[in-house]
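Below is the file target_27.txt, which contains compact mmCIF, C-alpha atoms and all ligand atoms.
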# COMPACT_ATOMS: atom_id res chain seq x y z
CA MET G 1 54.36 112.96 195.11
CA ASN G 2 57.92 112.97 196.42
CA PRO G 3 59.03 115.50 198.96
CA THR G 4 61.52 117.77 197.27
CA PRO G 5 64.84 116.19 198.10
CA ASN G 6 67.46 118.42 199.59
CA SER G 7 69.70 118.46 196.56
CA ARG G 8 72.75 119.47 198.57
CA LEU G 9 72.79 116.13 200.34
CA PRO G 10 74.65 113.14 198.91
CA LEU G 11 72.48 110.36 197.46
CA ARG G 12 72.08 107.15 199.51
CA CYS G 13 69.38 105.47 197.44
CA TRP G 14 67.92 107.01 194.34
CA ALA G 15 66.12 106.33 191.07
CA GLU G 16 67.78 107.72 187.99
CA ILE G 17 65.33 108.75 185.28
CA ASP G 18 66.75 109.21 181.81
CA LEU G 19 64.36 111.65 180.15
CA ALA G 20 66.37 111.65 176.93
CA ALA G 21 65.79 107.89 176.67
CA LEU G 22 62.09 108.49 177.28
CA GLU G 23 62.00 110.92 174.38
CA ARG G 24 63.92 108.52 172.11
CA ASN G 25 61.48 105.74 173.05
CA LEU G 26 58.45 107.84 172.17
CA ARG G 27 59.97 108.79 168.83
CA LEU G 28 60.86 105.16 168.06
CA ILE G 29 57.37 103.93 168.93
CA ARG G 30 55.80 106.65 166.82
CA ALA G 31 58.07 105.89 163.90
CA SER G 32 57.06 102.22 164.01
CA LEU G 33 53.35 103.07 163.74
CA PRO G 34 51.38 104.25 160.72
CA ALA G 35 51.44 108.05 160.53
CA HIS G 36 47.76 108.51 161.37
CA ILE G 37 47.98 106.62 164.67
CA ARG G 38 47.83 108.94 167.65
CA TYR G 39 49.86 108.41 170.80
CA VAL G 40 48.04 108.15 174.12
CA ALA G 41 50.65 108.37 176.88
CA VAL G 42 49.55 106.50 180.00
CA VAL G 43 51.08 108.29 182.97
CA LYS G 44 49.07 107.04 185.94
CA ALA G 45 50.67 106.22 189.33
CA ASP G 46 53.15 109.10 189.18
CA ALA G 47 54.05 108.12 185.61
CA TYR G 48 54.79 104.55 186.73
CA GLY G 49 56.95 105.90 189.54
CA HIS G 50 59.11 107.98 187.19
CA GLY G 51 57.68 111.28 188.44
CA LEU G 52 54.61 112.74 186.75
CA PRO G 53 55.60 116.38 186.14
CA GLN G 54 59.03 115.67 184.66
CA THR G 55 57.82 112.73 182.60
CA VAL G 56 54.74 114.48 181.26
CA ALA G 57 56.65 117.66 180.41
CA ARG G 58 59.10 115.61 178.34
CA LEU G 59 56.33 113.62 176.65
CA MET G 60 54.54 116.87 175.74
CA HIS G 61 57.75 118.09 174.18
CA SER G 62 58.23 114.75 172.36
CA GLY G 63 54.83 114.66 170.70
CA ALA G 64 52.27 112.72 172.74
CA ASP G 65 48.67 113.42 171.64
CA LEU G 66 46.68 112.64 174.78
CA PHE G 67 47.48 111.82 178.41
CA ALA G 68 45.66 109.04 180.24
CA VAL G 69 45.64 108.94 184.04
CA ALA G 70 43.79 107.03 186.74
CA THR G 71 42.80 109.71 189.24
CA LEU G 72 41.59 113.25 189.40
CA SER G 73 44.68 114.45 191.26
CA GLU G 74 46.89 113.00 188.54
CA ALA G 75 44.71 114.69 185.93
CA THR G 76 44.98 118.10 187.60
CA ALA G 77 48.76 117.68 187.84
CA VAL G 78 48.91 117.10 184.07
CA ARG G 79 46.55 120.01 183.46
CA GLU G 80 48.82 122.37 185.40
CA LEU G 81 51.66 121.49 183.04
CA GLY G 82 49.76 121.98 179.83
CA PRO G 83 46.58 123.94 179.29
CA GLY G 84 44.84 122.58 176.22
CA TRP G 85 46.26 119.05 176.19
CA PRO G 86 43.57 116.38 176.06
CA ILE G 87 43.48 114.36 179.29
CA LEU G 88 41.51 111.16 179.78
CA LEU G 89 40.54 109.78 183.18
CA LEU G 90 40.57 105.98 182.97
CA SER G 91 39.07 105.27 186.42
CA PRO G 92 35.47 105.88 187.48
CA LEU G 93 34.77 109.20 189.21
CA LEU G 94 33.21 109.53 192.62
CA PRO G 95 30.09 111.71 192.58
CA GLU G 96 31.86 114.54 194.45
CA GLU G 97 34.57 114.54 191.80
CA ASP G 98 32.28 115.12 188.80
CA ARG G 99 32.33 118.92 188.82
CA PHE G 100 36.10 119.01 188.38
CA LEU G 101 35.66 117.62 184.87
CA ALA G 102 34.48 121.05 183.81
CA ASP G 103 36.87 123.03 186.01
CA TYR G 104 39.93 121.25 184.61
CA ASP G 105 38.64 120.45 181.14
CA LEU G 106 39.06 116.68 181.46
CA ALA G 107 37.59 113.78 179.51
CA ALA G 108 35.85 111.06 181.50
CA THR G 109 35.48 107.37 180.77
CA VAL G 110 31.85 106.33 180.54
CA SER G 111 30.65 102.80 181.32
CA THR G 112 27.11 103.34 182.65
CA ALA G 113 23.89 105.25 181.96
CA GLU G 114 24.17 106.80 185.42
CA GLU G 115 27.49 108.36 184.43
CA VAL G 116 25.92 109.74 181.26
CA SER G 117 23.33 111.67 183.24
CA ARG G 118 25.78 112.79 185.93
CA PHE G 119 28.32 114.16 183.44
CA ASP G 120 25.58 115.70 181.29
CA ALA G 121 24.39 117.57 184.39
CA VAL G 122 27.93 118.87 184.97
CA GLY G 123 28.06 120.12 181.37
CA ARG G 124 24.70 121.82 181.73
CA GLN G 125 25.77 123.61 184.90
CA ALA G 126 29.14 124.62 183.50
CA GLY G 127 27.63 125.81 180.24
CA LYS G 128 30.09 123.80 178.15
CA PRO G 129 30.11 120.21 176.92
CA ILE G 130 31.98 117.51 178.85
CA ALA G 131 34.22 115.25 176.75
CA VAL G 132 33.74 111.53 177.25
CA HIS G 133 35.28 108.32 175.94
CA LEU G 134 32.86 105.40 175.75
CA LYS G 135 34.50 102.29 177.16
CA ILE G 136 33.26 98.96 175.86
CA ASP G 137 33.79 95.78 177.85
CA THR G 138 34.57 93.18 175.21
CA GLY G 139 35.51 90.48 177.68
CA MET G 140 37.67 91.87 180.47
CA GLY G 141 34.68 91.98 182.82
CA ARG G 142 35.99 95.11 184.48
CA LEU G 143 35.33 98.71 183.43
CA GLY G 144 33.22 99.56 180.42
CA VAL G 145 29.68 98.82 179.30
CA TRP G 146 29.13 95.17 178.36
CA HIS G 147 29.40 95.06 174.58
CA GLU G 148 25.85 93.81 174.09
CA GLN G 149 24.50 96.98 175.74
CA ALA G 150 27.09 99.35 174.29
CA ALA G 151 25.17 100.60 171.25
CA GLU G 152 22.28 101.60 173.54
CA LEU G 153 24.65 103.55 175.81
CA TYR G 154 26.18 105.19 172.74
CA GLN G 155 22.70 106.47 171.78
CA LYS G 156 22.27 107.95 175.27
CA ILE G 157 25.56 109.81 174.92
CA ALA G 158 24.66 111.00 171.44
CA ALA G 159 21.34 112.31 172.79
CA ALA G 160 22.88 114.06 175.82
CA PRO G 161 23.05 117.77 174.95
CA HIS G 162 25.96 118.58 177.25
CA LEU G 163 28.28 115.70 176.36
CA ARG G 164 30.76 115.50 173.53
CA LEU G 165 31.89 112.02 172.49
CA ALA G 166 35.68 112.27 172.07
CA GLY G 167 36.64 108.62 171.96
CA VAL G 168 35.63 105.00 172.07
CA PHE G 169 37.82 102.23 173.39
CA THR G 170 38.24 98.78 174.81
CA HIS G 171 40.91 96.87 176.68
CA PHE G 172 42.30 93.55 175.49
CA ALA G 173 42.63 91.02 178.28
CA SER G 174 45.64 89.06 177.04
CA PRO G 175 46.93 90.40 173.76
CA ASP G 176 50.25 88.61 174.21
CA ASP G 177 49.17 85.06 174.94
CA ASP G 178 45.62 84.53 173.78
CA ALA G 179 45.31 85.55 170.15
CA ALA G 180 41.94 83.85 169.71
CA PHE G 181 40.32 85.72 172.60
CA THR G 182 41.86 89.02 171.46
CA GLU G 183 40.36 88.36 168.02
CA GLU G 184 36.98 87.70 169.63
CA GLN G 185 37.25 90.95 171.61
CA ARG G 186 38.14 92.83 168.46
CA ARG G 187 35.18 91.26 166.65
CA ARG G 188 32.83 92.33 169.48
CA PHE G 189 34.23 95.87 169.43
CA LEU G 190 33.78 96.21 165.67
CA ALA G 191 30.26 94.78 165.92
CA VAL G 192 29.34 97.50 168.42
CA LEU G 193 30.77 100.23 166.20
CA ALA G 194 28.68 98.92 163.29
CA GLN G 195 25.54 99.30 165.45
CA CYS G 196 26.31 102.88 166.50
CA HIS G 197 24.35 104.78 163.91
CA GLY G 198 25.77 108.18 163.11
CA ILE G 199 29.09 107.63 164.91
CA LYS G 200 31.87 109.61 163.23
CA LEU G 201 34.93 107.45 163.94
CA ASN G 202 37.38 109.72 162.17
CA GLU G 203 36.56 112.50 164.64
CA LEU G 204 37.19 110.27 167.66
CA PHE G 205 40.08 108.60 169.40
CA VAL G 206 39.47 104.90 168.70
CA HIS G 207 41.79 102.84 170.84
CA ALA G 208 42.54 99.41 172.29
CA ASP G 209 45.16 98.77 174.94
CA ASN G 210 48.17 98.38 172.70
CA SER G 211 49.26 97.76 169.17
CA ALA G 212 47.33 94.50 169.03
CA GLY G 213 44.38 96.39 167.62
CA LEU G 214 46.47 97.58 164.71
CA GLU G 215 48.26 94.46 163.71
CA THR G 216 45.95 92.35 161.70
CA MET G 217 43.68 94.86 160.03
CA PRO G 218 45.72 97.31 158.00
CA GLY G 219 43.54 99.68 156.04
CA ALA G 220 40.20 98.44 157.30
CA SER G 221 41.00 99.00 160.98
CA PRO G 222 39.08 101.77 162.70
CA PHE G 223 41.74 102.02 165.43
CA ASN G 224 43.56 105.34 165.19
CA ALA G 225 45.32 105.57 168.57
CA VAL G 226 47.40 103.40 170.91
CA ARG G 227 47.66 103.64 174.66
CA VAL G 228 51.27 103.24 175.67
CA GLY G 229 52.28 102.71 179.28
CA LEU G 230 55.17 100.49 180.23
CA LEU G 231 56.77 100.36 176.79
CA GLN G 232 57.58 104.06 176.67
CA PHE G 233 59.69 103.50 179.78
CA GLY G 234 61.73 100.95 177.86
CA ILE G 235 60.19 97.83 179.40
CA LEU G 236 58.60 95.17 177.23
CA PRO G 237 55.10 94.36 178.45
CA HIS G 238 53.93 91.98 175.75
CA PRO G 239 56.77 90.11 174.07
CA ASN G 240 54.57 89.07 171.15
CA SER G 241 53.02 92.40 170.27
CA LEU G 242 53.89 94.42 167.22
CA LEU G 243 55.45 97.15 169.33
CA ALA G 244 57.76 94.62 171.02
CA GLN G 245 59.98 94.86 167.96
CA VAL G 246 60.72 98.48 168.79
CA HIS G 247 64.06 98.67 170.54
CA THR G 248 63.29 100.99 173.40
CA GLU G 249 65.79 101.61 176.22
CA PRO G 250 65.17 101.57 179.97
CA VAL G 251 64.40 104.98 181.42
CA PHE G 252 64.53 103.92 185.08
CA SER G 253 67.43 102.65 187.15
CA PHE G 254 67.55 102.05 190.90
CA ARG G 255 70.77 102.67 192.78
CA THR G 256 72.18 102.77 196.27
CA ARG G 257 75.59 102.82 197.94
CA VAL G 258 77.72 100.71 200.21
CA GLY G 259 77.42 101.59 203.91
CA ILE G 260 80.03 99.33 205.49
CA THR G 261 81.99 96.28 204.49
CA LYS G 262 83.33 93.60 206.79
CA THR G 263 84.77 90.12 206.66
CA LEU G 264 83.28 87.33 208.74
CA PRO G 265 85.68 84.45 209.32
CA ARG G 266 84.93 80.89 208.27
CA GLY G 267 83.07 79.05 211.01
CA THR G 268 81.05 82.08 212.10
CA THR G 269 77.40 81.35 212.76
CA VAL G 270 75.13 83.98 211.22
CA SER G 271 71.38 84.28 210.84
CA TYR G 272 70.92 85.14 207.18
CA GLY G 273 67.32 84.00 206.93
CA ARG G 274 68.11 80.66 208.47
CA THR G 275 71.00 80.28 210.89
CA HIS G 276 74.02 78.77 209.25
CA THR G 277 77.75 78.45 209.67
CA LEU G 278 79.93 80.12 207.07
CA THR G 279 82.05 77.60 205.19
CA ARG G 280 84.52 80.22 203.98
CA ASP G 281 85.73 83.66 204.97
CA THR G 282 82.90 85.89 203.75
CA THR G 283 83.12 89.58 202.96
CA VAL G 284 79.77 91.37 203.06
CA ALA G 285 78.64 94.85 202.17
CA VAL G 286 75.74 96.43 204.00
CA LEU G 287 73.83 98.57 201.50
CA CYS G 288 72.07 101.84 202.32
CA ALA G 289 68.62 100.69 201.17
CA GLY G 290 65.90 98.27 202.19
CA TYR G 291 62.16 97.79 201.93
CA GLY G 292 61.72 101.33 203.24
CA ASP G 293 63.05 102.36 199.84
CA GLY G 294 61.20 99.80 197.76
CA ILE G 295 63.45 96.73 197.69
CA PRO G 296 60.77 94.09 198.27
CA ARG G 297 61.35 91.82 201.25
CA ALA G 298 60.50 88.97 198.89
CA VAL G 299 63.95 89.28 197.26
CA SER G 300 65.66 88.27 200.53
CA ASN G 301 68.30 85.61 199.81
CA ARG G 302 67.34 85.77 196.10
CA ALA G 303 68.28 89.00 194.35
CA GLN G 304 71.62 90.05 192.99
CA VAL G 305 73.07 93.54 192.75
CA LEU G 306 75.92 95.03 190.74
CA ILE G 307 78.99 96.31 192.57
CA ALA G 308 82.16 97.18 190.65
CA GLY G 309 80.43 95.75 187.59
CA GLN G 310 79.99 92.31 189.18
CA ARG G 311 76.91 90.43 190.29
CA CYS G 312 76.78 89.96 194.07
CA PRO G 313 74.03 87.90 195.80
CA VAL G 314 71.82 89.23 198.57
CA LEU G 315 72.45 87.48 201.88
CA GLY G 316 69.66 87.18 204.40
CA ARG G 317 66.58 89.28 204.77
CA VAL G 318 66.03 92.72 203.32
CA THR G 319 65.38 95.04 206.25
CA MET G 320 63.75 98.44 206.32
CA ASP G 321 66.95 100.43 205.84
CA GLN G 322 69.64 97.91 204.91
CA THR G 323 70.33 95.00 202.60
CA ILE G 324 73.36 92.72 202.92
CA VAL G 325 75.25 91.33 199.93
CA ASP G 326 78.13 88.92 199.57
CA ILE G 327 81.12 90.68 198.01
CA THR G 328 83.67 87.95 198.67
CA GLY G 329 86.10 88.03 195.79
CA VAL G 330 85.10 91.48 194.58
CA PRO G 331 88.21 93.52 195.23
CA SER G 332 88.43 96.87 196.98
CA VAL G 333 84.75 97.61 197.65
CA LYS G 334 84.50 100.46 200.12
CA CYS G 335 82.05 102.70 201.91
CA GLY G 336 80.26 104.96 199.44
CA ASP G 337 80.66 102.79 196.32
CA GLU G 338 77.71 102.82 193.97
CA VAL G 339 75.47 99.74 193.83
CA VAL G 340 72.99 98.99 191.07
CA LEU G 341 69.74 97.28 192.03
CA VAL G 342 68.15 97.75 188.59
CA GLY G 343 70.12 99.09 185.65
CA ARG G 344 73.55 98.96 184.06
CA GLN G 345 76.99 99.09 185.58
CA GLU G 346 80.03 98.69 183.36
CA LYS G 347 79.25 95.70 181.09
CA ASN G 348 76.61 94.17 183.33
CA GLU G 349 72.90 94.81 183.60
CA ILE G 350 70.04 93.79 185.87
CA SER G 351 66.76 94.41 184.10
CA ILE G 352 63.63 95.38 185.94
CA THR G 353 62.04 92.21 184.59
CA GLU G 354 64.74 90.08 186.26
CA PHE G 355 64.48 92.05 189.50
CA SER G 356 60.68 91.67 189.46
CA ARG G 357 60.97 87.89 189.01
CA TRP G 358 63.08 87.66 192.17
CA ALA G 359 60.26 89.48 193.95
CA GLU G 360 57.63 87.28 192.26
CA THR G 361 55.95 90.34 190.85
CA ILE G 362 55.72 92.31 187.60
CA PRO G 363 57.64 95.43 186.51
CA TRP G 364 54.53 97.60 186.92
CA GLU G 365 54.39 96.80 190.64
CA THR G 366 58.14 97.13 191.12
CA LEU G 367 57.99 100.68 189.73
CA CYS G 368 55.02 101.59 191.93
CA SER G 369 56.81 100.22 195.01
CA VAL G 370 59.77 102.63 194.98
CA THR G 371 58.96 104.76 198.00
CA LYS G 372 58.91 108.49 198.45
CA ARG G 373 62.10 108.33 200.49
CA VAL G 374 63.87 107.71 197.18
CA PRO G 375 64.71 110.88 195.24
CA ARG G 376 64.24 110.75 191.50
CA VAL G 377 67.28 112.16 189.76
CA TYR G 378 66.66 113.36 186.21
CA ARG G 379 69.06 113.15 183.31
CA THR G 380 67.83 115.47 180.64
CA THR G 381 70.35 115.78 177.84
CA LEU G 382 69.90 114.02 174.54
CA GLY G 383 72.48 111.28 174.12
CA VAL G 384 74.42 110.62 170.95
C1 LIG V 401 47.49 101.22 182.55
C2 LIG V 401 46.67 101.14 181.33
C3 LIG V 401 47.26 101.06 180.06
C4 LIG V 401 48.75 100.98 179.86
O1 LIG V 401 49.15 99.64 179.98
P1 LIG V 401 50.65 99.19 179.76
O2 LIG V 401 50.55 97.70 179.77
O3 LIG V 401 51.48 99.73 180.88
O4 LIG V 401 51.08 99.71 178.43
C5 LIG V 401 46.43 101.07 178.96
N1 LIG V 401 45.10 101.15 179.11
C6 LIG V 401 44.49 101.20 180.31
C7 LIG V 401 43.00 101.27 180.38
C8 LIG V 401 45.24 101.20 181.45
O5 LIG V 401 44.64 101.26 182.65
Rewrite the structure of this file - the entire thing - as structure tokens.
Amino acid sequence: MNPTPNSRLPLRCWAEIDLAALERNLRLIRASLPAHIRYVAVVKADAYGHGLPQTVARLMHSGADLFAVATLSEATAVRELGPGWPILLLSPLLPEEDRFLADYDLAATVSTAEEVSRFDAVGRQAGKPIAVHLKIDTGMGRLGVWHEQAAELYQKIAAAPHLRLAGVFTHFASPDDDAAFTEEQRRRFLAVLAQCHGIKLNELFVHADNSAGLETMPGASPFNAVRVGLLQFGILPHPNSLLAQVHTEPVFSFRTRVGITKTLPRGTTVSYGRTHTLTRDTTVAVLCAGYGDGIPRAVSNRAQVLIAGQRCPVLGRVTMDQTIVDITGVPSVKCGDEVVLVGRQEKNEISITEFSRWAETIPWETLCSVTKRVPRVYRTTLGV
């Protein structure tokens, strides 16, 4: 969690979070789905770096149905914002964590028979049933019970007196680029459901990782919920999925300011990554942000930033507190000017996808890499 920034101090490097855009995104995604599909908001890792409390509060207001998180501390943070909201823990619990399921009224993911007996014991001690979602491994090879043993584990849950089955789900490995394997995973999932005698699917959350589960089986599909992570923040995770046609807007932008500018004369030898001699007079701006803020060192000599609405290339290595850019030909840049690392400025935009490519990573990791030195600044009003 971020330290509370001293809001009286000017901003040097900050992330701007547009909560109104977040709300519009949720409403657009909902509107593109059949009315009975419930919305599972995935808000792990500090809501993908956007700030968990602010993001979750807005999503509660906008009509999410369930919150999915990775860790117990994330789950308790959501619980403090909203008594009564269903919360699903996606990651396995450590044995010492089990009892908090009852204390905070959380749903656990179940992949093993050992978890069934552990959580059943918690329910017995607490005197109330523990909600669980059965996770079925249909080919990811990660969490979940292997699909061939899933019906047996379902029977154990059904027979556990202190558990309440609240959902059943799987995760598609590559919904965007391997349609045949996704189809095979879906077939395995449906085969398990057919073997679970007595399962009441209409009383459960039945979910796969995105809209892929909904696409090809209108009517007959048992899926009645989607888990939405990156897309609600206005970033396209899977270009080929059904939800990719929803025109969401970026919620996150990453900004800093110019520290100093100076002009190095032609012929100067500088060490921007490799030592070289400048072939022209070069004006540089030293920016007030570096890898200590979450600009990956991997973007050294590669990234561009927006200053005065123009793209300016990064020169040399990103350091802990500073990054240097070439502003030759960009008129009248001065100390304090705003610089966009990710986001819009005037008519130009650097998307998080483009920024992540420079760093040879993916938007998920870029968002998780913005450090706690960087205050999140929230815009809350609904736009026109
Ligand atoms: C993180 C996560 C999601 C959300 O994925 P996105 O690609 O960000 O939408 C969905 N399901 C599970 C199990 C996850 O861990």
Six-sided padding of 3 Å per side, axis-aligned box over ligand LIG 401 (chain V), centre and edges in Å, one decimal, as lines of an AutoDock Vina configuration file:
center_x = 47.2
center_y = 99.5
center_z = 180.5
size_x = 14.5
size_y = 9.6
size_z = 10.2
Residue among G:Leu367, G:Leu81, G:Ile157, G:Leu52 lying closest to ligand LIG 401 (chain V), counting all atoms listed in the file: G:Leu367
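Among the candidates G:Gly259, G:Pro53, G:Pro363, G:Pro296, the residue lying nearest to ligand LIG 401 (chain V) is G:Pro363 (atoms considered: all atoms listed in the file).
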Selection as a PyMOL selection string: residues within 6 Å of ligand LIG 401 (chain V) by all atoms listed in the file: chain G and resi 42+90+209+227-231+237
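Distance annotation: of G:Thr138, G:Ser351, G:Thr361, G:Ser117, the residue with the minimal separation from Ala159 (chain G) is G:Ser117; atom set is all atoms listed in the file.
With CA of Leu33 (chain G) on one side and CA of Tyr48 (chain G) on the other, the separation reads 23.1 Å.
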At a cut-off of 9 Å, using only C-alpha atoms, what residues contact Phe233 (chain G)? Leave out same-chain residues fewer than 4 positions from it and give the result as an mmCIF file with C-alpha atoms, in the frame of the given file.
data_model
loop_
_atom_site.group_PDB
_atom_site.id
_atom_site.type_symbol
_atom_site.label_atom_id
_atom_site.label_comp_id
_atom_site.auth_asym_id
_atom_site.auth_seq_id
_atom_site.Cartn_x
_atom_site.Cartn_y
_atom_site.Cartn_z
ATOM 1 C CA ALA G 21 65.790 107.890 176.670
ATOM 2 C CA LEU G 22 62.090 108.490 177.280
ATOM 3 C CA ASN G 25 61.480 105.740 173.050
ATOM 4 C CA LEU G 26 58.450 107.840 172.170
ATOM 5 C CA TYR G 48 54.790 104.550 186.730
ATOM 6 C CA HIS G 50 59.110 107.980 187.190
ATOM 7 C CA GLY G 229 52.280 102.710 179.280
ATOM 8 C CA THR G 248 63.290 100.990 173.400
ATOM 9 C CA GLU G 249 65.790 101.610 176.220
ATOM 10 C CA PRO G 250 65.170 101.570 179.970
ATOM 11 C CA VAL G 251 64.400 104.980 181.420
ATOM 12 C CA PHE G 252 64.530 103.920 185.080
#
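In this model, the gap between CA of Cys368 (chain G) and CA of Glu16 (chain G) comes to 14.7 Å.
Shortest atom-to-atom contact with Gly63 (chain G) among G:Asp103, G:Asp120, G:Glu23, G:Asp98: G:Glu23, counting only C-alpha atoms.
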Shell of 6 Å around Phe223 (chain G), only C-alpha atoms, local chain residues under 2 positions omitted, as a ChimeraX atom specification: /G:206-207,221,225
Non-local contacts of Ala15 (chain G) (6 Å; only C-alpha atoms; under 2 positions in same chain excluded) as a PyMOL selection string: chain G and resi 253-254+376
Should you be able to, write region 313-324 of chain G of this structure into a file that contains N, CA, C and O atoms, as a PDB file, in the first residue's frame.
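Final output, saved to decode_20.pdb:
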ATOM      1  N   PRO G 313      12.877  10.971 -27.520  1.00  0.00           N
ATOM      2  CA  PRO G 313      13.508   9.689 -27.181  1.00  0.00           C
ATOM      3  C   PRO G 313      14.343   9.753 -25.901  1.00  0.00           C
ATOM      4  O   PRO G 313      14.982  10.771 -25.615  1.00  0.00           O
ATOM      5  N   VAL G 314      14.340   8.654 -25.187  1.00  0.00           N
ATOM      6  CA  VAL G 314      15.198   8.518 -24.002  1.00  0.00           C
ATOM      7  C   VAL G 314      16.641   8.357 -24.473  1.00  0.00           C
ATOM      8  O   VAL G 314      16.931   7.613 -25.406  1.00  0.00           O
ATOM      9  N   LEU G 315      17.537   9.085 -23.812  1.00  0.00           N
ATOM     10  CA  LEU G 315      18.972   9.004 -24.111  1.00  0.00           C
ATOM     11  C   LEU G 315      19.660   8.326 -22.935  1.00  0.00           C
ATOM     12  O   LEU G 315      19.499   8.747 -21.790  1.00  0.00           O
ATOM     13  N   GLY G 316      20.410   7.300 -23.208  1.00  0.00           N
ATOM     14  CA  GLY G 316      21.206   6.691 -22.144  1.00  0.00           C
ATOM     15  C   GLY G 316      20.372   5.861 -21.199  1.00  0.00           C
ATOM     16  O   GLY G 316      19.219   5.524 -21.467  1.00  0.00           O
ATOM     17  N   ARG G 317      21.012   5.554 -20.064  1.00  0.00           N
ATOM     18  CA  ARG G 317      20.397   4.619 -19.126  1.00  0.00           C
ATOM     19  C   ARG G 317      19.430   5.326 -18.177  1.00  0.00           C
ATOM     20  O   ARG G 317      19.706   6.425 -17.713  1.00  0.00           O
ATOM     21  N   VAL G 318      18.341   4.641 -17.898  1.00  0.00           N
ATOM     22  CA  VAL G 318      17.434   5.080 -16.833  1.00  0.00           C
ATOM     23  C   VAL G 318      18.174   4.867 -15.519  1.00  0.00           C
ATOM     24  O   VAL G 318      18.755   3.801 -15.284  1.00  0.00           O
ATOM     25  N   THR G 319      18.200   5.883 -14.665  1.00  0.00           N
ATOM     26  CA  THR G 319      18.844   5.725 -13.366  1.00  0.00           C
ATOM     27  C   THR G 319      17.772   5.668 -12.278  1.00  0.00           C
ATOM     28  O   THR G 319      16.580   5.716 -12.578  1.00  0.00           O
ATOM     29  N   MET G 320      18.187   5.571 -11.047  1.00  0.00           N
ATOM     30  CA  MET G 320      17.194   5.392  -9.990  1.00  0.00           C
ATOM     31  C   MET G 320      16.228   6.579  -9.906  1.00  0.00           C
ATOM     32  O   MET G 320      15.025   6.396  -9.749  1.00  0.00           O
ATOM     33  N   ASP G 321      16.757   7.784 -10.047  1.00  0.00           N
ATOM     34  CA  ASP G 321      15.926   8.967  -9.812  1.00  0.00           C
ATOM     35  C   ASP G 321      15.744   9.863 -11.029  1.00  0.00           C
ATOM     36  O   ASP G 321      14.984  10.825 -10.969  1.00  0.00           O
ATOM     37  N   GLN G 322      16.498   9.592 -12.098  1.00  0.00           N
ATOM     38  CA  GLN G 322      16.443  10.448 -13.279  1.00  0.00           C
ATOM     39  C   GLN G 322      16.420   9.643 -14.574  1.00  0.00           C
ATOM     40  O   GLN G 322      16.952   8.545 -14.641  1.00  0.00           O
ATOM     41  N   THR G 323      15.836  10.270 -15.580  1.00  0.00           N
ATOM     42  CA  THR G 323      15.871   9.741 -16.945  1.00  0.00           C
ATOM     43  C   THR G 323      16.140  10.928 -17.862  1.00  0.00           C
ATOM     44  O   THR G 323      15.600  12.021 -17.636  1.00  0.00           O
ATOM     45  N   ILE G 324      16.984  10.719 -18.864  1.00  0.00           N
ATOM     46  CA  ILE G 324      17.364  11.807 -19.759  1.00  0.00           C
ATOM     47  C   ILE G 324      16.654  11.623 -21.094  1.00  0.00           C
ATOM     48  O   ILE G 324      16.596  10.503 -21.617  1.00  0.00           O
TER      49      ILE G 324
END
